[in-house]
Amino acid sequence: MKNSFANQDILCGLDIGTTKIAAIVALPNPGGEPQLLGMGYVPSRGLRRGVVVNLEQTAADIAEAISLAQQNAGVEIDMVWAGIAGEHVKSLNSRGVIPITRWRGEQTGEVTPGDVDKVVEAARTILLPPDRRVLHVLPQEYMVDSEGGIRMPVGMAGVRLEADVHIVHCAVSSAQNIIACCKRAGVAVQDLILEPLASAESVLTEDERELGVILLDFGGGTTDLAAFQGSAIRHTAVIGYGGDYITRDIAMGLRTPMESAEQIKIEHGAAHLRAINQNDFLEIPGIGGREPRELSRSMLVSIIGPRVEEIFTVAREDLKKTRVLDHIGAGVVLTGGGASMCGMAEIAEEIFALPVRIGAPHDNMANYDLGLGPKFATAVGLVRHANRQYNEMLSSGRNAESWTARTSTKVRKWFSEIF
Ligand SMILES: Nc1ncnc2c1ncn2[C@@H]1O[C@H](COP(=O)(O)OP(=O)(O)OP(=O)(O)O)[C@@H](O)[C@H]1O
Ligand SMILES: [Mg+2]
């Protein structure tokens, strides 16, 4: 039975991952959490390391995930909030400065919402090659004259307004491919959101963001990171390695096909000796009529551990380039499918020398009854992001119709060539 809500009121987060494509459908909830209606997900076959490499296949997979979500939720989906990742995504911090608008004859002025827009615009003015576009401009803090650390500068008196922003930019072609795949699958992209930002939205608490936290989304093809401090985003990055590398290592190390390596990893995999009973043994099915073999679980740890350590070390070195590691009061939150493997938190604690917890999008949504584990962090985060945009639209007095038209125009403007 169809729901009685208009399609424009349906929010759909679409996580186009390297391993799976997940669509989560919800109703917007003014002032609260989106109300989950249902979901659909299928294996992903057209991506490599977070980037679409086979358009036809990805479009078919998206169409299938959307169709399952529609059946499950009992609503039609024609618009999605899609995630984007891949090593082509880069970020930097930038600063903009403007004079504050003054009243005639006055020495100082009061910061207006227009001034805030202008200073953010000034901060986003960076030179990018023609094949790259700005994906996000995320204000961190403002400064009025010599007063820093301001979050809401509107109404403050002064002569000079500065803004620190975090800018995320990406390859136009990769973003175009996502939009094109969605279009072929019969859905329009309302907005494109960097995947670790979406994951952060579903698993981090306000306190963690305030104290300083590193989010690591350990996926199949990429490991995405986002660092927050003082409730503002400080750093984002996408590393082109993930759980698929571990599966490949197991397949090579045990001379077993990828499929059975993946199964062994999911059922028995562990990243740290502290997380297992070292007397545990498992049986590996023989290939080509050979006898099954016995394997100690600690042997599996010796294959998986070094790869996880390597990926976490790359993340740590990337974070070291920014100064954010010195200001992490809350620790590390691990999410993504890889976070389900035992021993991940133990190894992350050693590499980052910080407390670590596993984050799943639990209890964050009304009507939560689907058992959404860490691999759904991005999809849930996309829906929460969509709900926040919806609430912002309501509080700005626009109606939903003009709102959807407006953000579609944003995506359309970037990628006019394919519309
Ligand atoms: N219980 C588990 N133990 C170990 N690994 C697991 C477990 N569950 C899932 N994984 C691994 O997590 C990875 C998939 O995670 P996820 O679904 O977050 O990736 P994705 O979003 O599709 O990919 P990406 O974000 O990298 O594009 C796979 O490598 C899978 O083997
Ligand atoms: Mg992912």
# chains A, B, ... in the order shown; residues from 1 in each chain; ligands from 1

$ residues_around --residues "Ser340 (chain A)" --least-positions-apart "4" --cutoff "9 Å" --atoms "only C-alpha atoms" --output "PyMOL selection string"
chain A and resi 266+335-336+344+358+373-375

$ residues_near_ligand --ligand "ligand 2" --cutoff "12 Å" --atoms "only C-alpha atoms and all ligand atoms" --output "ChimeraX atom specification"
/A:14-22,44,47-51,82-86,194-200,216-225,238-244,335-339,374-382

$ write_last_selection --atoms "C-alpha atoms" --output "compact mmCIF listing (two decimals), in the first residue's frame"
# COMPACT_ATOMS: atom_id res chain seq x y z
CA LEU A 14 21.80 6.27 -1.16
CA ASP A 15 25.20 4.86 -0.19
CA ILE A 16 26.95 3.75 -3.38
CA GLY A 17 29.73 1.73 -1.75
CA THR A 18 32.39 -0.52 -3.24
CA THR A 19 30.87 -3.58 -1.54
CA LYS A 20 27.16 -2.78 -1.28
CA ILE A 21 24.62 -0.23 -2.42
CA ALA A 22 22.17 0.71 0.31
CA SER A 44 27.81 -3.52 -5.52
CA LEU A 47 32.91 0.29 -8.27
CA ARG A 48 36.60 0.08 -7.48
CA ARG A 49 38.10 1.83 -4.44
CA GLY A 50 35.01 3.97 -3.99
CA VAL A 51 34.77 5.12 -7.62
CA ALA A 82 23.94 10.24 -2.60
CA GLY A 83 27.34 9.66 -1.02
CA ILE A 84 30.63 10.26 -2.80
CA ALA A 85 34.14 9.02 -1.92
CA GLY A 86 37.33 7.89 -3.64
CA LEU A 194 31.14 13.23 1.20
CA GLU A 195 30.73 9.76 2.72
CA PRO A 196 32.74 10.22 5.94
CA LEU A 197 30.71 13.34 6.69
CA ALA A 198 27.54 11.32 6.31
CA SER A 199 28.90 8.51 8.50
CA ALA A 200 29.92 11.07 11.13
CA LEU A 216 37.24 6.18 10.57
CA ASP A 217 34.86 4.45 8.17
CA PHE A 218 36.55 1.18 7.24
CA GLY A 219 34.74 0.11 4.07
CA GLY A 220 35.39 -2.47 1.36
CA GLY A 221 37.30 -0.30 -1.11
CA THR A 222 38.22 2.78 0.92
CA THR A 223 38.88 3.92 4.46
CA ASP A 224 37.38 7.36 4.97
CA LEU A 225 38.28 9.71 7.74
CA VAL A 238 39.68 9.19 1.68
CA ILE A 239 42.31 6.43 1.64
CA GLY A 240 42.03 3.95 -1.23
CA TYR A 241 42.38 0.76 0.84
CA GLY A 242 39.79 -1.19 2.79
CA GLY A 243 38.45 -4.62 3.65
CA ASP A 244 38.83 -5.94 0.09
CA THR A 335 32.56 2.41 11.70
CA GLY A 336 31.90 0.88 8.25
CA GLY A 337 31.66 -2.88 7.57
CA GLY A 338 35.29 -3.46 8.61
CA ALA A 339 34.56 -2.19 12.12
CA PRO A 374 28.28 -0.18 11.23
CA LYS A 375 28.16 -0.83 7.47
CA PHE A 376 24.99 1.28 7.28
CA ALA A 377 26.56 4.33 8.94
CA THR A 378 26.86 6.22 5.64
CA ALA A 379 23.32 5.48 4.40
CA VAL A 380 21.74 6.48 7.73
CA GLY A 381 23.94 9.60 7.84
CA LEU A 382 22.77 10.60 4.37

$ select_by_dssp --residues "region 156-324 of chain A" --states "strand (DSSP E)" --output "MDAnalysis selection string"
chainID A and resid 157:158 160:171 188:194 213:218 223:229 232:239 281:284 293:296

$ write_last_selection --atoms "N, CA and C atoms" --output "tab-separated table (two decimals), in the first residue's frame"
chain	number	residue	atom	x	y	z
A	157	ALA	N	29.11	43.33	16.90
A	157	ALA	CA	29.58	44.63	16.41
A	157	ALA	C	31.07	44.57	16.10
A	158	GLY	N	31.49	45.26	15.03
A	158	GLY	CA	32.91	45.29	14.68
A	158	GLY	C	33.09	45.89	13.30
A	160	ARG	N	35.56	44.18	11.04
A	160	ARG	CA	36.16	43.19	10.14
A	160	ARG	C	35.67	41.79	10.53
A	161	LEU	N	35.20	41.06	9.52
A	161	LEU	CA	34.70	39.69	9.78
A	161	LEU	C	35.58	38.70	9.02
A	162	GLU	N	36.03	37.65	9.76
A	162	GLU	CA	36.83	36.60	9.12
A	162	GLU	C	36.13	35.26	9.31
A	163	ALA	N	36.30	34.36	8.36
A	163	ALA	CA	35.73	33.02	8.49
A	163	ALA	C	36.78	31.98	8.16
A	164	ASP	N	36.88	30.94	9.00
A	164	ASP	CA	37.70	29.77	8.67
A	164	ASP	C	36.74	28.70	8.16
A	165	VAL	N	37.06	28.13	6.99
A	165	VAL	CA	36.18	27.10	6.44
A	165	VAL	C	36.99	25.88	6.02
A	166	HIS	N	36.30	24.75	5.98
A	166	HIS	CA	36.90	23.52	5.45
A	166	HIS	C	36.28	23.29	4.07
A	167	ILE	N	37.14	23.18	3.06
A	167	ILE	CA	36.64	23.01	1.69
A	167	ILE	C	36.97	21.60	1.21
A	168	VAL	N	35.94	20.93	0.67
A	168	VAL	CA	36.14	19.60	0.10
A	168	VAL	C	35.93	19.74	-1.40
A	169	HIS	N	36.89	19.24	-2.20
A	169	HIS	CA	36.70	19.29	-3.64
A	169	HIS	C	36.93	17.92	-4.26
A	170	CYS	N	36.35	17.73	-5.43
A	170	CYS	CA	36.41	16.39	-6.02
A	170	CYS	C	36.55	16.48	-7.54
A	171	ALA	N	36.86	15.33	-8.16
A	171	ALA	CA	36.96	15.27	-9.62
A	171	ALA	C	35.55	15.34	-10.20
A	188	ALA	N	16.69	11.12	-9.32
A	188	ALA	CA	17.50	12.34	-9.44
A	188	ALA	C	18.33	12.51	-8.18
A	189	VAL	N	19.52	13.09	-8.33
A	189	VAL	CA	20.37	13.34	-7.15
A	189	VAL	C	20.05	14.72	-6.60
A	190	GLN	N	19.56	14.74	-5.39
A	190	GLN	CA	19.23	16.00	-4.74
A	190	GLN	C	20.50	16.70	-4.24
A	191	ASP	N	21.41	15.89	-3.68
A	191	ASP	CA	22.67	16.45	-3.21
A	191	ASP	C	23.71	15.33	-3.15
A	192	LEU	N	24.98	15.72	-3.28
A	192	LEU	CA	26.08	14.76	-3.15
A	192	LEU	C	26.83	15.09	-1.87
A	193	ILE	N	27.03	14.09	-1.04
A	193	ILE	CA	27.64	14.36	0.27
A	193	ILE	C	28.86	13.45	0.45
A	194	LEU	N	29.94	14.02	0.94
A	194	LEU	CA	31.14	13.23	1.20
A	194	LEU	C	30.82	12.13	2.22
A	213	VAL	N	37.37	14.43	17.92
A	213	VAL	CA	37.17	13.02	17.62
A	213	VAL	C	37.61	12.73	16.18
A	214	ILE	N	38.10	11.49	15.99
A	214	ILE	CA	38.45	11.05	14.64
A	214	ILE	C	37.46	9.96	14.26
A	215	LEU	N	36.80	10.14	13.13
A	215	LEU	CA	35.90	9.09	12.64
A	215	LEU	C	36.62	8.34	11.53
A	216	LEU	N	36.65	7.00	11.64
A	216	LEU	CA	37.24	6.18	10.57
A	216	LEU	C	36.19	5.22	10.06
A	217	ASP	N	35.84	5.35	8.79
A	217	ASP	CA	34.86	4.45	8.17
A	217	ASP	C	35.64	3.44	7.33
A	218	PHE	N	35.75	2.23	7.87
A	218	PHE	CA	36.55	1.18	7.24
A	218	PHE	C	35.64	0.39	6.30
A	223	THR	N	39.02	3.58	3.04
A	223	THR	CA	38.88	3.92	4.46
A	223	THR	C	38.78	5.43	4.51
A	224	ASP	N	37.65	5.92	4.99
A	224	ASP	CA	37.38	7.36	4.97
A	224	ASP	C	37.59	7.93	6.35
A	225	LEU	N	38.13	9.14	6.41
A	225	LEU	CA	38.28	9.71	7.74
A	225	LEU	C	37.78	11.15	7.80
A	226	ALA	N	37.33	11.51	8.99
A	226	ALA	CA	36.87	12.87	9.26
A	226	ALA	C	37.26	13.19	10.70
A	227	ALA	N	37.86	14.36	10.90
A	227	ALA	CA	38.25	14.76	12.26
A	227	ALA	C	37.50	16.02	12.64
A	228	PHE	N	36.96	16.02	13.87
A	228	PHE	CA	36.21	17.17	14.38
A	228	PHE	C	36.87	17.66	15.66
A	229	GLN	N	36.74	18.95	15.88
A	229	GLN	CA	37.20	19.52	17.16
A	229	GLN	C	36.46	20.84	17.35
A	232	ALA	N	33.53	21.58	15.11
A	232	ALA	CA	33.70	21.90	13.68
A	232	ALA	C	34.55	20.84	13.00
A	233	ILE	N	34.29	20.67	11.72
A	233	ILE	CA	35.09	19.72	10.94
A	233	ILE	C	36.48	20.31	10.73
A	234	ARG	N	37.54	19.53	10.97
A	234	ARG	CA	38.90	20.03	10.82
A	234	ARG	C	39.64	19.39	9.66
A	235	HIS	N	39.29	18.14	9.38
A	235	HIS	CA	40.02	17.44	8.32
A	235	HIS	C	39.15	16.31	7.77
A	236	THR	N	39.27	16.08	6.45
A	236	THR	CA	38.60	14.92	5.84
A	236	THR	C	39.57	14.30	4.84
A	237	ALA	N	39.49	13.00	4.67
A	237	ALA	CA	40.34	12.34	3.67
A	237	ALA	C	39.76	10.99	3.30
A	238	VAL	N	40.11	10.52	2.13
A	238	VAL	CA	39.68	9.19	1.68
A	238	VAL	C	40.95	8.42	1.29
A	239	ILE	N	41.14	7.26	1.92
A	239	ILE	CA	42.31	6.43	1.64
A	239	ILE	C	41.84	5.23	0.80
A	281	PHE	N	40.82	-23.11	16.55
A	281	PHE	CA	41.17	-23.58	15.20
A	281	PHE	C	39.93	-23.51	14.33
A	282	LEU	N	40.15	-23.38	13.01
A	282	LEU	CA	38.99	-23.41	12.11
A	282	LEU	C	39.32	-24.30	10.93
A	283	GLU	N	38.27	-24.74	10.24
A	283	GLU	CA	38.48	-25.64	9.11
A	283	GLU	C	38.27	-24.87	7.82
A	284	ILE	N	39.25	-25.00	6.92
A	284	ILE	CA	39.13	-24.31	5.63
A	284	ILE	C	38.76	-25.34	4.57
A	293	ARG	N	41.38	-28.22	5.35
A	293	ARG	CA	42.58	-28.05	6.19
A	293	ARG	C	42.19	-27.41	7.51
A	294	GLU	N	43.03	-27.60	8.50
A	294	GLU	CA	42.83	-26.91	9.79
A	294	GLU	C	43.76	-25.71	9.86
A	295	LEU	N	43.25	-24.64	10.44
A	295	LEU	CA	44.05	-23.42	10.53
A	295	LEU	C	43.85	-22.81	11.90
A	296	SER	N	44.94	-22.35	12.51
A	296	SER	CA	44.77	-21.70	13.82
A	296	SER	C	44.28	-20.28	13.58

$ residues_around --residues "Leu37 (chain A)" --least-positions-apart "5" --cutoff "6 Å" --atoms "only C-alpha atoms" --output "PyMOL selection string"
chain A and resi 25-26+73

$ write_last_selection --atoms "N, CA and C atoms" --output "PDB file, in the first residue's frame"
ATOM      1  N   VAL A  25      15.135   4.788   3.419  1.00  0.00           N
ATOM      2  CA  VAL A  25      14.038   5.719   3.158  1.00  0.00           C
ATOM      3  C   VAL A  25      13.452   6.194   4.490  1.00  0.00           C
ATOM      4  N   ALA A  26      13.169   7.492   4.558  1.00  0.00           N
ATOM      5  CA  ALA A  26      12.609   8.035   5.797  1.00  0.00           C
ATOM      6  C   ALA A  26      11.686   9.204   5.496  1.00  0.00           C
ATOM      7  N   ALA A  73       9.510   0.005   1.989  1.00  0.00           N
ATOM      8  CA  ALA A  73       8.957   1.195   2.660  1.00  0.00           C
ATOM      9  C   ALA A  73       7.528   1.492   2.216  1.00  0.00           C
TER      10      ALA A  73
END

$ closest_residue --among "A:Ser395, A:Arg248, A:Cys342, A:Glu259" --to "Leu273 (chain A)" --atoms "only C-alpha atoms"
A:Cys342

$ closest_residue --among "A:Arg316, A:Ile328, A:Arg45, A:Leu135" --to "ligand 1" --atoms "only C-alpha atoms and all ligand atoms"
A:Arg45

$ residues_around --residues "Gln263 (chain A)" --least-positions-apart "3" --cutoff "12 Å" --atoms "only C-alpha atoms" --output "count of residues only"
17

$ residues_around --residues "Ile150 (chain A)" --least-positions-apart "6" --cutoff "7 Å" --atoms "only C-alpha atoms" --output "PyMOL selection string"
chain A and resi 141-143

$ closest_residue --among "A:Val203, A:Leu127, A:Val411, A:Val52" --to "ligand 1" --atoms "only C-alpha atoms and all ligand atoms"
A:Val52

$ select_by_dssp --residues "region 66-162 of chain A" --states "alpha helix (DSSP H)" --output "list of chain:residue names"
A:Ile66, A:Ser67, A:Leu68, A:Ala69, A:Gln70, A:Gln71, A:Asn72, A:Ala73, A:Pro113, A:Gly114, A:Asp115, A:Val116, A:Asp117, A:Lys118, A:Val119, A:Val120, A:Glu121, A:Ala122, A:Ala123

$ write_last_selection --atoms "N, CA and C atoms" --output "tab-separated table (two decimals), in the first residue's frame"
chain	number	residue	atom	x	y	z
A	66	ILE	N	17.06	0.54	-5.01
A	66	ILE	CA	15.93	1.48	-4.89
A	66	ILE	C	14.61	0.72	-4.94
A	67	SER	N	14.55	-0.24	-5.85
A	67	SER	CA	13.31	-1.01	-5.99
A	67	SER	C	13.01	-1.79	-4.69
A	68	LEU	N	14.04	-2.39	-4.10
A	68	LEU	CA	13.85	-3.11	-2.83
A	68	LEU	C	13.40	-2.15	-1.72
A	69	ALA	N	14.03	-0.97	-1.70
A	69	ALA	CA	13.68	0.01	-0.66
A	69	ALA	C	12.24	0.48	-0.84
A	70	GLN	N	11.83	0.65	-2.11
A	70	GLN	CA	10.45	1.09	-2.37
A	70	GLN	C	9.44	0.05	-1.88
A	71	GLN	N	9.76	-1.21	-2.18
A	71	GLN	CA	8.86	-2.29	-1.73
A	71	GLN	C	8.81	-2.34	-0.21
A	72	ASN	N	9.97	-2.25	0.39
A	72	ASN	CA	10.09	-2.35	1.84
A	72	ASN	C	9.39	-1.20	2.56
A	73	ALA	N	9.51	0.01	1.99
A	73	ALA	CA	8.96	1.20	2.66
A	73	ALA	C	7.53	1.49	2.22
A	113	PRO	N	23.24	38.51	8.31
A	113	PRO	CA	23.33	37.20	7.64
A	113	PRO	C	24.00	37.35	6.26
A	114	GLY	N	23.79	38.49	5.62
A	114	GLY	CA	24.40	38.74	4.31
A	114	GLY	C	25.92	38.80	4.42
A	115	ASP	N	26.44	39.40	5.51
A	115	ASP	CA	27.90	39.46	5.73
A	115	ASP	C	28.45	38.04	5.87
A	116	VAL	N	27.71	37.20	6.60
A	116	VAL	CA	28.18	35.82	6.82
A	116	VAL	C	28.27	35.09	5.48
A	117	ASP	N	27.24	35.24	4.64
A	117	ASP	CA	27.28	34.61	3.31
A	117	ASP	C	28.50	35.11	2.53
A	118	LYS	N	28.72	36.43	2.62
A	118	LYS	CA	29.81	37.04	1.85
A	118	LYS	C	31.19	36.53	2.31
A	119	VAL	N	31.37	36.41	3.62
A	119	VAL	CA	32.69	36.01	4.11
A	119	VAL	C	32.96	34.53	3.79
A	120	VAL	N	31.91	33.72	3.83
A	120	VAL	CA	32.08	32.31	3.48
A	120	VAL	C	32.40	32.22	1.98
A	121	GLU	N	31.74	33.04	1.19
A	121	GLU	CA	32.00	33.09	-0.25
A	121	GLU	C	33.45	33.49	-0.51
A	122	ALA	N	33.92	34.48	0.29
A	122	ALA	CA	35.32	34.94	0.12
A	122	ALA	C	36.28	33.80	0.47
A	123	ALA	N	35.94	33.02	1.52
A	123	ALA	CA	36.83	31.93	1.94
A	123	ALA	C	36.84	30.79	0.93

$ closest_residue --among "A:Leu319, A:Val137, A:Ala23, A:Ile98" --to "ligand 1" --atoms "only C-alpha atoms and all ligand atoms"
A:Ala23

$ atom_distance --atom1 "CA of Val187 (chain A)" --atom2 "CA of Val75 (chain A)"
13.5 Å

$ closest_residue --among "A:Val42, A:Gly32, A:Gly105, A:Glu350" --to "ligand 1" --atoms "only C-alpha atoms and all ligand atoms"
A:Val42

$ closest_residue --among "A:Gly31, A:Gly359, A:Pro292, A:Pro43" --to "ligand 1" --atoms "only C-alpha atoms and all ligand atoms"
A:Pro43

$ atom_distance --atom1 "CA of Met341 (chain A)" --atom2 "atom 5 (N, counted along the ligand's line) of ligand 1"
5.0 Å

$ atom_distance --atom1 "CA of Gly40 (chain A)" --atom2 "CA of Glu64 (chain A)"
8.2 Å
